[in-house]
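Chemist: The structure that follows is given in the form of C-alpha cells.
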Amino acid sequence: MPVTVATWSHRAVVTAAVTVMALTGCTSAGPAAEPESAGSTSPLRVSADAPSPATAAPTPGSTAIPRSVSGSLSRTDFPTPPQLGAGWRYSVDPGDAEEGYAGNGTPTLERSPEEIAQTAVPFGCDRVSAMPAPRHALEVDYTFEGAKVIAVRGEFRDRSEARRFFDGRSENLSHCLGRTGSAAIGPLVDSITSPAANVVASDRTPASDPWQEIAVLDGSTVAMVAVQGPTRLSNSQARRLITLLRG
C-alpha cells in the first residue's frame, strides 16, 4: 500500500515527495529585515486532495490568499530576524498556482489547523498517540544563512490541549525513530533530543531531504521551527531560538 512521504511545510503537495511502500503495521516585533523571495519546497505539506478542515484558513489545493493573522496570533508572536541574530532574514513565498497555494506578499501566512496536525509527524510513521488540531495556526517564513526556515505556531483551546498535542507528537516521533521509508528516503525520523524542558528537537528525513526541527510548548500554544538542508543551528543558536519562542 503506497504512502506519500512529506515534510512539514505549507499548503500544497510536496513537489519532491516520493511514493514508497508502506511499512508493515504501518513577543513584540523589532525592526523588520528586508524580505527575500523564496520558492523551494519545505515541510508540513499535504496533498491537495486532502479532506477540507472546518476553518477559514485556506485549505490544501486552494489558491485563496491567506490572511497574515490567525485567531489572536500575529507576527509579533514570532521572533524578528534582528532578535534571532546574524544570518536571519524574513522570506516571502509568492505561492505557486500549479502546486495549489497562494502567498499574500508577506512572510506571515494563516495556515490550516488540520494540516498542521496532519503533517507535524512524517507520513509513514504510525500515530500511536492522539494529536488534537489547534484552533488557529500561523506561519512565518525566514532564511538562515540562505537555508529555508519555516516557523509555525498553533494556538489551542487551552494549555491542556497544547500539552496533548506536544506530548502526542513527541511520542509519535519517538515511535518512528529509525523507521525507513525506502532505500532512497532513508530514516523518516532521527536523533530525537530534549535540549530543554518542554522542547523536542529532531531530524526529519536526514539522508534524503534533511530538516532540523525544534518544537516548543509555550502555554496554550506550540511553536515548531524547521531548517532545511545541511545548514544547522548551533547549540547556542538553538538555545536563543527556544528562548525567543517562549516569549
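Please note that chains go A, B, ... in the order of the C-alpha cells, that every chain numbers its residues from 1, and that ligands are numbered from 1 in the order shown.
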Could you list, as a list in words, every residue within 7 Å of stretch 137-146 of chain A, counting only C-alpha atoms and ignoring same-chain residues fewer than 4 positions away?

Modeler: Val69, Ser70, Leu73, Gly87, Trp88, Arg89, Tyr90, Ser91, Val92, Pro107, Thr108, Leu109, Glu110, Arg111, Ser112, Pro113, Ile150, Ala151, Val152, Arg153, Gly154 and Glu155 of chain A

Chemist: I need the residues in stretch 49-128 of chain A that are strand (DSSP E) according to DSSP; give them as a PyMOL selection string.

Modeler: chain A and resi 88-92+95-96+101-102+108-110

Chemist: Using only C-alpha atoms, pick whichever of A:Met131, A:Asp96, A:Pro122, A:Thr231 has the shortest atom-to-atom distance to A:Pro187.

Modeler: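 Of the candidates, the smallest distance to A:Pro187 is held by A:Pro122.
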
Chemist: Restricting the calculation to only C-alpha atoms, which member of A:Asp190, A:Asp126, A:Glu115, A:Asp158 is positioned closest to A:Thr205?

Modeler: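 Once distances to A:Thr205 are computed over only C-alpha atoms, the minimum belongs to A:Asp190.
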
Chemist: Just checking: using only C-alpha atoms, which residue out of A:Val128, A:Val121, A:Val225, A:Ala57 ends up closest to A:Ala102?

Modeler: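 That would be A:Ala57, the residue with the smallest distance to A:Ala102.
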
Chemist: Using atom CA of A:Arg169 and atom CA of A:Ala120 as the two end points, give the distance in Å to one decimal.

Modeler: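 Calculated distance between atom CA of A:Arg169 and atom CA of A:Ala120 is 7.1 Å.
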
Chemist: Name the residues of stretch 139-238 of chain A that come out as helix (DSSP H, G or I) in a backbone DSSP run; write them as a ChimeraX atom specification.

Modeler: /A:159-175,235-238

Chemist: Would you write out those residues with C-alpha atoms, as a PDB file, in the first residue's frame?

Modeler:
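Below is the file result-v1.pdb, written as the result:
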ATOM      1  CA  ARG A 159      -2.913  24.620  27.973  1.00  0.00           C
ATOM      2  CA  SER A 160      -4.128  21.056  28.354  1.00  0.00           C
ATOM      3  CA  GLU A 161      -4.865  20.709  24.628  1.00  0.00           C
ATOM      4  CA  ALA A 162      -1.475  22.190  23.738  1.00  0.00           C
ATOM      5  CA  ARG A 163       0.192  19.697  26.078  1.00  0.00           C
ATOM      6  CA  ARG A 164      -1.715  16.801  24.477  1.00  0.00           C
ATOM      7  CA  PHE A 165      -0.520  17.834  21.024  1.00  0.00           C
ATOM      8  CA  PHE A 166       3.070  18.372  22.140  1.00  0.00           C
ATOM      9  CA  ASP A 167       3.278  15.093  24.069  1.00  0.00           C
ATOM     10  CA  GLY A 168       1.433  13.147  21.360  1.00  0.00           C
ATOM     11  CA  ARG A 169       3.776  14.451  18.663  1.00  0.00           C
ATOM     12  CA  SER A 170       6.823  13.647  20.792  1.00  0.00           C
ATOM     13  CA  GLU A 171       5.607  10.084  21.390  1.00  0.00           C
ATOM     14  CA  ASN A 172       4.798   9.561  17.712  1.00  0.00           C
ATOM     15  CA  LEU A 173       8.238  10.818  16.645  1.00  0.00           C
ATOM     16  CA  SER A 174       9.912   8.526  19.192  1.00  0.00           C
ATOM     17  CA  HIS A 175       7.877   5.567  17.952  1.00  0.00           C
ATOM     18  CA  ASN A 235      23.650  24.780  20.211  1.00  0.00           C
ATOM     19  CA  SER A 236      23.823  28.460  21.156  1.00  0.00           C
ATOM     20  CA  GLN A 237      21.661  29.485  18.189  1.00  0.00           C
ATOM     21  CA  ALA A 238      19.088  26.824  19.076  1.00  0.00           C
TER      22      ALA A 238
END

Chemist: Expressed in Å to a single decimal, how great is the separation between atom CA of A:Ala196 and atom CA of A:Val149?

Modeler: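 Taking atom CA of A:Ala196 and atom CA of A:Val149, their separation equals 21.0 Å.
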
Chemist: Quick one, how far is atom CA of A:Ala147 from atom CA of A:Gly71?

Modeler: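 Taking atom CA of A:Ala147 as the start and atom CA of A:Gly71 as the end point, the length is 28.9 Å.
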